[in-house]
Amino acid sequence: MTFFKPNWLPFGVPSLPGLIGFTTTLLITAFPATAEIINIGFDETDLPTLSDDELVKLDTLQSARFPIVLSDISPDRSTLVVATVDRLSQSDWQVKFLDLNTGELIDSLALEYEVFGPTLPIQWVDNQTIRFVQEGFLGPWEVVSLNRHTGIVSRTTVYPTEDEAGEILGAAPDFSRFALRVYEETEDVIYLVSLRSLDRIEVGRLPSDLDLQPPSWSDSGQQVVFVTSSIEERDLYERTPFSPTLADPVNQDALGRTPPEDNLFLQENTVKVYDLTQTEPLVLELDAMNDQAHLLAAASMSPGGEHVVIKYLEPSTLGGREFPTYLYPQRSYYQVFDLQGNLIDTIEDQILDGPLESAAEFVDEDTLVFNATVGTNRHFYTYEMGSETFNRLPLPEGSVGLDSWQVSNVDEALIFAFSSVTQPSELFSIPLDGSAPPTQLTDINAEVTAINAVQSHSVSFATSSGPREGVLIQPAGAAFPPVDSPIVFWQQGGPGFSMVNEFAIEVEMPFNLLPNFGISVLSVPLAGREGFGAEFYRLQADDNNFGQVDIIEGVEIAAQLVGEGWARPNQLGISGCSYGGYFAAQTITQFPDVFAAANPQCSLLDAFTEWQLGYSSLLSYLTGLTPMEAPERYRQLSPLYSAGDITAATLIFHGSNDFLQVDMARNFHDVIEQNDIPTMMYEFEGVGHSIFDIGLQRIAAQLQVDFFREHLQP
């Protein structure tokens with residue numbers, strides 16, 4: 001096999017939710033004859049279209065909804081409170097009762113009007129009544145009780161007294177107490193308030209510029225744990241309106257230039273555990289400054305209040321950097337303490353390495369369940385304290401929801417959302433002891449399941465950085481291994497995060513879009529992704545690796561697709577959004593003869609502009625340098641300045657309100673067009689980063705299918 005080595009170092013950007021766009025009705029006829037930029041959103045425009053039968057199929061696929069678990073099971077094991085949202089728009093919140101005996105979703109006006117932002121999980125008071133806490137429309141928090149049979153609702157409003165300003169942080173599972181943060185001039189005060197007597201006790205004071213995670217409680221509400229961290233960490237993902245500075249402490253951490261003793265991410269990063277049965281309620285305090293080997297990321301109390309599990313983040317140690325960077329950690333692990341501060345267990349395993357996508361919850365005082373990404377699957381693992389072994393619950397290939405799962409102690413089971421490319425999202429249950437496979441609880445996407453005609457196979461490739469594993473998604477019934485088949489190579493936004501096997505119908509993640517219309521999609525996590533260990537995860541940012549590693553890996557995989565006869569060179573496409581869009585754009589500028597067609601979407605194209613107006617810390621972390629220090633390197637990082645080398649047919653999607661400036665995408669298009677390369681750009685009006693609009697997704701899907709059908713020869 002031939003290995004390719006470029007002399008440039010490209011870049012990526014985080015994938016974050018964008019703005020909701022406008023839904024429009026367009027007249028769709030034929031593909032425009034000339035290369036141009038077309039605005040989608042206000043005026044009628046001639047666009048390519050699928051056949052009537054294919055449009056019916058597309059509309060059905062794009063009607064997929066995502067289920068969310070809102071409550072535990074009722075005491076009589078009959079009912080669950082669930083919500084569903086439209087997958088494409090991430091809106092249209094619908095809350096219903098789920099009858100576990102029949103699978104029926106039962107409408108409730110009381111649920112529809114009363115449940116709009118609950119602190120989860122919703123609790124069952126008895127077989128008829130649920131209770132939950134949420135912030136009211138006018139601001140004060142409310143404890144809401146709702147009877148599912150009578151529809152009667154009662155509310156108890158809780159808020160600071162008139163001469164105080166503050167916020168409710170959360171309530172105990174039995175609603176005996178809530179946590180209150182009162183704002184003061186120099187520091188805020190944290191109180192625990194009894195809902196029965198409204199007495200309150202002060203449990204802590206903290207500077208107003210610190211972030212405080214929602215507390216975790218024991219079942220009785222007598223024990224509670226808080227995690228504090230620098231407010232800078234929370235504000236990191238807000239786009240800056242001002243040019244950042246090299247001296248900014250966040251950038252200095254990302255560049256690996258801050259000694260740990262001076263690092264703001266370690267300062268004020270604490271875990272505090274309170275036991276209200278004790279005269280002195282603060283019984284355990286951990287401070288990251290006392291052990292600079294990690295950050296304190298999260299904490300959870302056991303049901304009986306005897307133990308607390310803490311998630312630690314290990315900072316990245318990168319070649320060429322003097323100090324570790326805490327803002328972008330390389331792995332996670334866990335420790336369990338009793339309330340006397342004794343270390344009970346340290347839980348370390350590659351299963352838990354992913355710093356962003358692992359979470360722990362107690363089942364009982366001795367058992368934990370972990371949600372974690374391993375390879376291209378996100379599954380559940382149970383762990384008996386002190387055993388040093390994990391039991392993977394028997395789930396098929398696919399992914400459980402990151403946040404949509406609950407431990408049900410009523411029947412010792414997990415209730416969770418799950419999907420794969422062959423299984424649209426539904427709710428399932430599985431025994432915690434792994435004694436039986438999962439049982440499907442809902443049939444929310446039955447019509448989508450019936451029409452979804454794809455198949456998947458696990459695949460692996462050799463690269464100069466090591467083996468890479470992924471998933472090939474094909475039209476149902478296609479030969480495997482494929483022979484002379486159109487294949488689109490896809491990359492996720494990020495970098496970082498995982499690339500897992502899940503149902504997805506949007507153009508930004510066309511797992512179930514393109515294969516349902518005859519075009520295979522290849523998803524292979526490359527260097528810098530979760531699920532493959534700490535070394536794999538930090539590889540992009542090590543030394544001068546960024547860009548060379550992931551781009552070379554992708555090009556090497558493309559060479560193997562051709563070499564094995566899976567596809568001819570004129571049958572290879574490439575696509576992605578955000579960092580995935582950058583990956584596609586930079587690949588076709590640096591390796592113009594590898595892919596026949598490219599569909600970069602919501603792409604970073606100019607690293608200079610991004611450092612000045614966007615996520616300067618991420619660029620600093622990935623490159624180890626700033627544009628002031630290394631302008632030539634930043635130029636080479638930017639697809640915009642090499643667009644003249646592109647020979648692949650190019651379809652560009654970009655939102656007019658994307659935080660990655662649309663002007664860059666227009667210029668990128670214009671340079672390609674000047675060289676007489678087939679290119680089109682569609683600018684989606686009112687859309688931010690990704691197309692969160694059902695109507696516009698319908699249009700974009702037809703454009704994407706038509707483009708790859710035309711340019712990837714069968």
# chains A, B, ... in the order shown; residues from 1 in each chain; ligands from 1
$ residues_around --residues "Phe323 of chain A" --least-positions-apart "3" --cutoff "12 Å" --atoms "only C-alpha atoms" --output "PyMOL selection string"
chain A and resi 252-263+292-293+315-320+326+621+624
$ write_last_selection --atoms "C-alpha atoms" --output "tab-separated table (two decimals), in the first residue's frame"
chain	number	residue	atom	x	y	z
A	252	GLN	CA	-1.86	29.71	27.91
A	253	ASP	CA	-3.26	26.47	29.34
A	254	ALA	CA	-4.17	25.21	25.86
A	255	LEU	CA	-0.62	25.94	24.67
A	256	GLY	CA	0.85	24.08	27.64
A	257	ARG	CA	2.61	27.14	29.03
A	258	THR	CA	1.07	27.45	32.51
A	259	PRO	CA	2.61	25.78	35.57
A	260	PRO	CA	-0.05	23.73	37.39
A	261	GLU	CA	0.26	25.85	40.53
A	262	ASP	CA	-0.85	28.88	38.50
A	263	ASN	CA	-3.55	27.18	36.40
A	292	GLN	CA	-2.47	18.55	40.51
A	293	ALA	CA	-2.57	15.27	38.56
A	315	PRO	CA	-4.67	16.60	31.72
A	316	SER	CA	-3.11	16.10	28.31
A	317	THR	CA	0.64	15.73	28.26
A	318	LEU	CA	1.72	16.63	24.74
A	319	GLY	CA	5.02	16.46	22.95
A	320	GLY	CA	6.66	19.85	22.63
A	326	TYR	CA	-6.21	20.84	31.78
A	621	TYR	CA	-4.25	23.29	21.84
A	624	GLY	CA	0.76	24.34	20.06
$ residues_around --residues "Phe265 of chain A" --least-positions-apart "3" --cutoff "12 Å" --atoms "only C-alpha atoms" --output "NGL selection string"
:A and (210-211 or 228-234 or 236 or 249-254 or 258-262 or 268-270 or 287-289 or 292 or 294-297 or 313 or 315 or 324-329)
$ residues_around --residues "Asp86 of chain A" --least-positions-apart "2" --cutoff "9 Å" --atoms "only C-alpha atoms" --output "JSON, numbers by chain"
{"A": [62, 63, 64, 65, 66, 84, 88, 89, 90, 91, 92, 93, 694]}
$ write_last_selection --atoms "C-alpha atoms" --output "mmCIF file, in the first residue's frame"
data_model
loop_
_atom_site.group_PDB
_atom_site.id
_atom_site.type_symbol
_atom_site.label_atom_id
_atom_site.label_comp_id
_atom_site.auth_asym_id
_atom_site.auth_seq_id
_atom_site.Cartn_x
_atom_site.Cartn_y
_atom_site.Cartn_z
ATOM 1 C CA GLN A 62 -36.946 12.405 8.234
ATOM 2 C CA SER A 63 -39.948 12.067 10.553
ATOM 3 C CA ALA A 64 -37.760 10.138 13.037
ATOM 4 C CA ARG A 65 -38.054 11.210 16.662
ATOM 5 C CA PHE A 66 -35.710 10.798 19.617
ATOM 6 C CA THR A 84 -39.898 12.752 22.312
ATOM 7 C CA LEU A 88 -33.849 17.023 12.661
ATOM 8 C CA SER A 89 -35.021 20.206 14.368
ATOM 9 C CA GLN A 90 -34.381 19.047 17.947
ATOM 10 C CA SER A 91 -37.701 20.665 18.814
ATOM 11 C CA ASP A 92 -41.418 19.736 19.069
ATOM 12 C CA TRP A 93 -41.152 18.526 22.682
ATOM 13 C CA ILE A 694 -37.065 20.144 8.938
#
$ residues_around --residues "Val594 of chain A" --least-positions-apart "6" --cutoff "9 Å" --atoms "only C-alpha atoms" --output "NGL selection string"
:A and (555 or 558-559 or 569-570 or 572-573 or 587-588 or 648)
$ write_last_selection --atoms "N, CA and C atoms" --output "compact mmCIF listing (two decimals), in the first residue's frame"
# COMPACT_ATOMS: atom_id res chain seq x y z
N VAL A 555 -6.66 9.34 3.76
CA VAL A 555 -6.19 9.10 2.39
C VAL A 555 -5.69 7.67 2.23
N ALA A 558 -8.72 5.52 1.86
CA ALA A 558 -9.27 5.66 0.50
C ALA A 558 -8.47 4.81 -0.49
N ALA A 559 -7.13 4.80 -0.33
CA ALA A 559 -6.30 3.98 -1.22
C ALA A 559 -6.63 2.50 -1.08
N PRO A 569 -11.67 5.01 -8.26
CA PRO A 569 -11.38 6.40 -7.83
C PRO A 569 -12.51 7.38 -8.13
N ASN A 570 -13.23 7.17 -9.25
CA ASN A 570 -14.31 8.10 -9.57
C ASN A 570 -15.60 7.78 -8.83
N LEU A 572 -15.44 7.63 -5.25
CA LEU A 572 -15.18 8.01 -3.86
C LEU A 572 -15.61 9.45 -3.61
N GLY A 573 -16.42 9.63 -2.58
CA GLY A 573 -16.83 10.95 -2.14
C GLY A 573 -16.40 11.18 -0.70
N THR A 587 -8.78 17.96 2.79
CA THR A 587 -8.33 16.77 2.07
C THR A 587 -8.33 17.00 0.56
N ILE A 588 -9.37 17.63 0.04
CA ILE A 588 -9.43 17.82 -1.42
C ILE A 588 -8.50 18.93 -1.89
N ALA A 648 -11.84 18.11 -7.39
CA ALA A 648 -13.06 17.34 -7.13
C ALA A 648 -14.29 18.22 -7.29
$ residues_around --residues "Leu703 of chain A" --least-positions-apart "3" --cutoff "12 Å" --atoms "only C-alpha atoms" --output "PyMOL selection string"
chain A and resi 28-32+38+40+46-50+507+513-514+599+650-653+680-682+696-700+706-710
$ closest_residue --among "A:Lys311, A:Arg331, A:Lys272, A:Arg131" --to "Phe370 of chain A" --atoms "only C-alpha atoms"
A:Lys311
$ closest_residue --among "A:Ile201, A:Ala462, A:Ala372, A:Ile519" --to "Ile552 of chain A" --atoms "only C-alpha atoms"
A:Ala462
$ select_by_dssp --residues "segment 124-373 of chain A" --states "strand (DSSP E or B)" --output "PyMOL selection string"
chain A and resi 124+129-135+141-147+153-158+165-171+177-183+187-194+200-207+210-212+216-217+223-230+270-275+282-287+295-301+307-314+316+325+331-338+343-347+358-362+367-373
$ write_last_selection --atoms "C-alpha atoms" --output "CSV table (one decimal), in the first residue's frame"
chain,number,residue,atom,x,y,z
A,124,TRP,CA,-43.4,8.8,41.5
A,129,THR,CA,-48.9,10.9,41.2
A,130,ILE,CA,-45.6,12.3,39.9
A,131,ARG,CA,-43.6,15.1,41.4
A,132,PHE,CA,-40.8,17.1,40.0
A,133,VAL,CA,-38.9,20.4,40.2
A,134,GLN,CA,-38.6,22.9,37.4
A,135,GLU,CA,-38.1,26.7,36.9
A,141,TRP,CA,-38.7,27.4,40.9
A,142,GLU,CA,-41.7,25.2,41.6
A,143,VAL,CA,-42.3,21.8,43.1
A,144,VAL,CA,-45.0,20.4,40.9
A,145,SER,CA,-47.3,17.4,41.8
A,146,LEU,CA,-49.5,15.9,39.0
A,147,ASN,CA,-52.1,13.2,39.3
A,153,VAL,CA,-51.9,19.8,39.5
A,154,SER,CA,-50.5,21.5,42.6
A,155,ARG,CA,-47.5,23.8,42.8
A,156,THR,CA,-45.3,24.9,45.6
A,157,THR,CA,-43.2,27.9,44.6
A,158,VAL,CA,-39.7,28.3,46.2
A,165,ALA,CA,-31.4,37.4,44.5
A,166,GLY,CA,-30.4,33.8,43.7
A,167,GLU,CA,-31.3,30.5,42.1
A,168,ILE,CA,-32.5,27.1,43.0
A,169,LEU,CA,-29.8,24.5,42.3
A,170,GLY,CA,-31.9,21.4,42.7
A,171,ALA,CA,-34.0,19.3,45.1
A,177,ARG,CA,-34.8,19.8,50.8
A,178,PHE,CA,-33.5,22.0,48.0
A,179,ALA,CA,-30.2,23.7,47.4
A,180,LEU,CA,-30.2,27.5,47.1
A,181,ARG,CA,-27.5,29.9,45.8
A,182,VAL,CA,-27.9,33.5,47.0
A,183,TYR,CA,-26.0,36.1,45.1
A,187,GLU,CA,-19.2,35.9,47.2
A,188,ASP,CA,-22.3,33.8,46.9
A,189,VAL,CA,-23.8,31.8,49.7
A,190,ILE,CA,-25.0,28.2,49.3
A,191,TYR,CA,-27.9,27.1,51.6
A,192,LEU,CA,-29.7,23.8,52.1
A,193,VAL,CA,-33.4,24.6,52.7
A,194,SER,CA,-36.0,22.3,54.3
A,200,ARG,CA,-32.1,26.8,56.0
A,201,ILE,CA,-28.5,26.2,56.9
A,202,GLU,CA,-25.4,27.7,55.2
A,203,VAL,CA,-23.1,25.0,53.8
A,204,GLY,CA,-20.7,27.1,51.8
A,205,ARG,CA,-19.5,30.3,50.3
A,206,LEU,CA,-17.8,30.7,46.9
A,207,PRO,CA,-16.7,33.5,44.6
A,210,LEU,CA,-17.3,30.1,40.0
A,211,ASP,CA,-19.5,27.5,38.4
A,212,LEU,CA,-21.4,25.1,40.6
A,216,SER,CA,-26.2,15.0,43.7
A,217,TRP,CA,-28.3,13.6,46.7
A,223,GLN,CA,-26.3,13.6,52.1
A,224,VAL,CA,-25.4,15.9,49.2
A,225,VAL,CA,-22.3,16.6,47.1
A,226,PHE,CA,-21.3,19.7,45.1
A,227,VAL,CA,-18.6,20.2,42.5
A,228,THR,CA,-17.2,23.7,41.9
A,229,SER,CA,-15.0,24.8,39.0
A,230,SER,CA,-13.8,28.0,37.3
A,270,THR,CA,-13.4,21.2,44.6
A,271,VAL,CA,-15.7,18.4,45.7
A,272,LYS,CA,-17.7,19.0,48.9
A,273,VAL,CA,-19.8,16.4,50.6
A,274,TYR,CA,-22.3,17.3,53.3
A,275,ASP,CA,-24.0,15.0,55.8
A,282,LEU,CA,-19.1,19.2,55.8
A,283,VAL,CA,-17.7,15.7,56.1
A,284,LEU,CA,-15.5,15.5,53.0
A,285,GLU,CA,-13.6,18.1,50.9
A,286,LEU,CA,-11.3,17.4,48.0
A,287,ASP,CA,-9.3,20.2,46.3
A,295,LEU,CA,-9.4,17.9,37.6
A,296,LEU,CA,-12.4,17.0,39.6
A,297,ALA,CA,-15.1,16.7,36.9
A,298,ALA,CA,-18.2,15.2,38.5
A,299,ALA,CA,-19.5,13.5,41.6
A,300,SER,CA,-22.5,11.3,42.5
A,301,MET,CA,-23.9,10.1,45.9
A,307,HIS,CA,-20.3,6.5,49.3
A,308,VAL,CA,-19.5,9.1,46.7
A,309,VAL,CA,-18.0,8.4,43.3
A,310,ILE,CA,-15.9,11.1,41.7
A,311,LYS,CA,-14.9,11.4,38.0
A,312,TYR,CA,-11.4,12.7,37.5
A,313,LEU,CA,-9.9,14.1,34.3
A,314,GLU,CA,-6.3,13.6,33.5
A,316,SER,CA,-3.1,16.1,28.3
A,325,THR,CA,-3.2,21.3,29.5
A,331,ARG,CA,-8.7,10.6,29.7
A,332,SER,CA,-11.0,10.0,32.7
A,333,TYR,CA,-11.1,7.6,35.6
A,334,TYR,CA,-13.1,7.3,38.9
A,335,GLN,CA,-12.6,6.9,42.6
A,336,VAL,CA,-15.1,5.9,45.3
A,337,PHE,CA,-14.8,7.3,48.9
A,338,ASP,CA,-16.8,6.8,52.0
A,343,LEU,CA,-10.6,5.7,49.5
A,344,ILE,CA,-12.7,2.6,48.8
A,345,ASP,CA,-11.8,1.9,45.1
A,346,THR,CA,-10.0,3.4,42.1
A,347,ILE,CA,-11.6,2.4,38.8
A,358,SER,CA,-18.4,8.4,30.2
A,359,ALA,CA,-20.6,8.7,33.2
A,360,ALA,CA,-21.2,6.8,36.5
A,361,GLU,CA,-24.2,6.1,38.7
A,362,PHE,CA,-24.7,4.0,41.7
A,367,THR,CA,-22.6,-1.5,42.5
A,368,LEU,CA,-22.0,1.1,39.8
A,369,VAL,CA,-23.2,1.3,36.2
A,370,PHE,CA,-21.2,3.2,33.6
A,371,ASN,CA,-22.3,4.6,30.3
A,372,ALA,CA,-19.2,4.7,28.0
A,373,THR,CA,-18.0,4.7,24.4
$ select_by_dssp --residues "segment 467-670 of chain A" --states "alpha helix (DSSP H)" --output "JSON list (two decimals) with C-alpha atoms, in the first residue's frame"
[["chain", "number", "residue", "atom", "x", "y", "z"],
["A", 534, "ALA", "CA", -5.82, 8.15, 25.73],
["A", 535, "GLU", "CA", -2.94, 7.84, 23.25],
["A", 536, "PHE", "CA", -5.33, 7.65, 20.29],
["A", 537, "TYR", "CA", -7.35, 10.58, 21.68],
["A", 538, "ARG", "CA", -4.45, 13.03, 22.08],
["A", 548, "GLN", "CA", -0.90, 15.07, 9.19],
["A", 549, "VAL", "CA", -2.22, 12.21, 11.28],
["A", 550, "ASP", "CA", -5.95, 12.27, 10.54],
["A", 551, "ILE", "CA", -5.75, 13.41, 6.92],
["A", 552, "ILE", "CA", -3.08, 10.85, 6.03],
["A", 553, "GLU", "CA", -5.11, 8.12, 7.72],
["A", 554, "GLY", "CA", -8.16, 9.05, 5.64],
["A", 555, "VAL", "CA", -6.19, 9.10, 2.39],
["A", 556, "GLU", "CA", -4.59, 5.75, 3.21],
["A", 557, "ILE", "CA", -8.03, 4.25, 3.83],
["A", 558, "ALA", "CA", -9.27, 5.66, 0.50],
["A", 559, "ALA", "CA", -6.30, 3.98, -1.22],
["A", 560, "GLN", "CA", -7.27, 0.67, 0.34],
["A", 561, "LEU", "CA", -10.88, 1.02, -0.82],
["A", 562, "VAL", "CA", -9.62, 1.34, -4.37],
["A", 563, "GLY", "CA", -6.93, -1.30, -3.96],
["A", 579, "TYR", "CA", -14.57, 19.69, 11.75],
["A", 580, "GLY", "CA", -15.90, 17.04, 9.34],
["A", 581, "GLY", "CA", -16.42, 19.80, 6.77],
["A", 582, "TYR", "CA", -12.91, 21.05, 7.41],
["A", 583, "PHE", "CA", -11.57, 17.51, 6.98],
["A", 584, "ALA", "CA", -13.34, 17.21, 3.61],
["A", 585, "ALA", "CA", -12.22, 20.65, 2.41],
["A", 586, "GLN", "CA", -8.60, 20.29, 3.46],
["A", 587, "THR", "CA", -8.33, 16.77, 2.07],
["A", 588, "ILE", "CA", -9.43, 17.82, -1.42],
["A", 589, "THR", "CA", -7.03, 20.79, -1.38],
["A", 590, "GLN", "CA", -4.01, 18.72, -0.36],
["A", 607, "ALA", "CA", -7.66, 29.39, 10.70],
["A", 608, "PHE", "CA", -6.57, 33.04, 11.06],
["A", 609, "THR", "CA", -10.15, 34.28, 11.35],
["A", 610, "GLU", "CA", -11.11, 31.45, 13.67],
["A", 611, "TRP", "CA", -8.30, 32.19, 16.12],
["A", 612, "GLN", "CA", -9.21, 35.88, 16.24],
["A", 613, "LEU", "CA", -13.01, 35.51, 16.42],
["A", 616, "SER", "CA", -8.73, 30.35, 19.86],
["A", 617, "SER", "CA", -8.02, 27.95, 22.71],
["A", 618, "LEU", "CA", -8.83, 24.87, 20.61],
["A", 619, "LEU", "CA", -6.59, 26.04, 17.78],
["A", 620, "SER", "CA", -3.87, 26.74, 20.31],
["A", 621, "TYR", "CA", -4.25, 23.29, 21.84],
["A", 622, "LEU", "CA", -4.19, 21.44, 18.52],
["A", 623, "THR", "CA", -1.27, 23.34, 16.99],
["A", 631, "PRO", "CA", 1.59, 32.61, 10.32],
["A", 632, "GLU", "CA", 2.84, 30.29, 7.58],
["A", 633, "ARG", "CA", 1.63, 27.26, 9.47],
["A", 634, "TYR", "CA", -1.80, 28.83, 9.95],
["A", 635, "ARG", "CA", -1.96, 29.59, 6.24],
["A", 636, "GLN", "CA", -1.25, 25.94, 5.49],
["A", 637, "LEU", "CA", -3.93, 24.98, 7.98],
["A", 662, "VAL", "CA", -20.29, 32.43, 5.60],
["A", 663, "ASP", "CA", -18.06, 34.91, 3.74],
["A", 664, "MET", "CA", -15.23, 32.40, 3.92],
["A", 665, "ALA", "CA", -17.42, 29.75, 2.32],
["A", 666, "ARG", "CA", -18.43, 32.14, -0.46],
["A", 667, "ASN", "CA", -14.78, 32.93, -1.22],
["A", 668, "PHE", "CA", -13.90, 29.24, -1.12],
["A", 669, "HIS", "CA", -16.62, 28.59, -3.69],
["A", 670, "ASP", "CA", -15.51, 31.46, -5.94]]
$ residues_around --residues "Gln222 of chain A" --least-positions-apart "4" --cutoff "7 Å" --atoms "only C-alpha atoms" --output "JSON, numbers by chain"
{"A": [218, 275, 276, 277]}
$ closest_residue --among "A:Pro118, A:Ile37, A:Lys57, A:Ile451" --to "Phe684 of chain A" --atoms "only C-alpha atoms"
A:Ile37
$ residues_around --residues "Thr79 of chain A" --least-positions-apart "4" --cutoff "9 Å" --atoms "only C-alpha atoms" --output "PDB file with N, CA and C atoms, in the first residue's frame"
ATOM      1  N   ASP A  72     -38.510   7.468  36.624  1.00  0.00           N
ATOM      2  CA  ASP A  72     -38.353   6.062  36.952  1.00  0.00           C
ATOM      3  C   ASP A  72     -39.694   5.374  36.667  1.00  0.00           C
ATOM      4  N   ILE A  73     -39.717   4.064  36.849  1.00  0.00           N
ATOM      5  CA  ILE A  73     -40.960   3.307  36.673  1.00  0.00           C
ATOM      6  C   ILE A  73     -41.852   3.533  37.891  1.00  0.00           C
ATOM      7  N   SER A  74     -43.160   3.602  37.663  1.00  0.00           N
ATOM      8  CA  SER A  74     -44.107   3.739  38.760  1.00  0.00           C
ATOM      9  C   SER A  74     -44.020   2.525  39.683  1.00  0.00           C
ATOM     10  N   PRO A  75     -44.426   2.667  40.962  1.00  0.00           N
ATOM     11  CA  PRO A  75     -44.294   1.545  41.911  1.00  0.00           C
ATOM     12  C   PRO A  75     -44.980   0.268  41.457  1.00  0.00           C
ATOM     13  N   PHE A  97     -47.342   9.690  28.924  1.00  0.00           N
ATOM     14  CA  PHE A  97     -47.187   8.510  29.759  1.00  0.00           C
ATOM     15  C   PHE A  97     -46.980   7.310  28.848  1.00  0.00           C
ATOM     16  N   LEU A  98     -46.040   6.438  29.209  1.00  0.00           N
ATOM     17  CA  LEU A  98     -45.805   5.203  28.472  1.00  0.00           C
ATOM     18  C   LEU A  98     -46.338   4.040  29.296  1.00  0.00           C
ATOM     19  N   ASP A  99     -47.321   3.312  28.735  1.00  0.00           N
ATOM     20  CA  ASP A  99     -47.840   2.099  29.358  1.00  0.00           C
ATOM     21  C   ASP A  99     -46.867   0.968  29.054  1.00  0.00           C
ATOM     22  N   LEU A 100     -46.183   0.483  30.064  1.00  0.00           N
ATOM     23  CA  LEU A 100     -45.153  -0.530  29.859  1.00  0.00           C
ATOM     24  C   LEU A 100     -45.729  -1.890  29.514  1.00  0.00           C
ATOM     25  N   ASN A 101     -47.002  -2.109  29.778  1.00  0.00           N
ATOM     26  CA  ASN A 101     -47.626  -3.391  29.463  1.00  0.00           C
ATOM     27  C   ASN A 101     -48.041  -3.487  28.005  1.00  0.00           C
ATOM     28  N   ASN A 127     -48.726   5.350  42.723  1.00  0.00           N
ATOM     29  CA  ASN A 127     -49.024   4.844  41.377  1.00  0.00           C
ATOM     30  C   ASN A 127     -49.791   5.837  40.512  1.00  0.00           C
TER      31      ASN A 127
END
$ atom_distance --atom1 "atom CA of Trp405 of chain A" --atom2 "atom CA of Gly305 of chain A"
21.4 Å
$ closest_residue --among "A:Ser603, A:Ser464, A:Ser485, A:Asn501" --to "Pro714 of chain A" --atoms "only C-alpha atoms"
A:Ser485
$ atom_distance --atom1 "atom CA of Pro303 of chain A" --atom2 "atom CA of Asp219 of chain A"
5.1 Å
$ atom_distance --atom1 "atom CA of Ala504 of chain A" --atom2 "atom CA of Gln423 of chain A"
10.2 Å
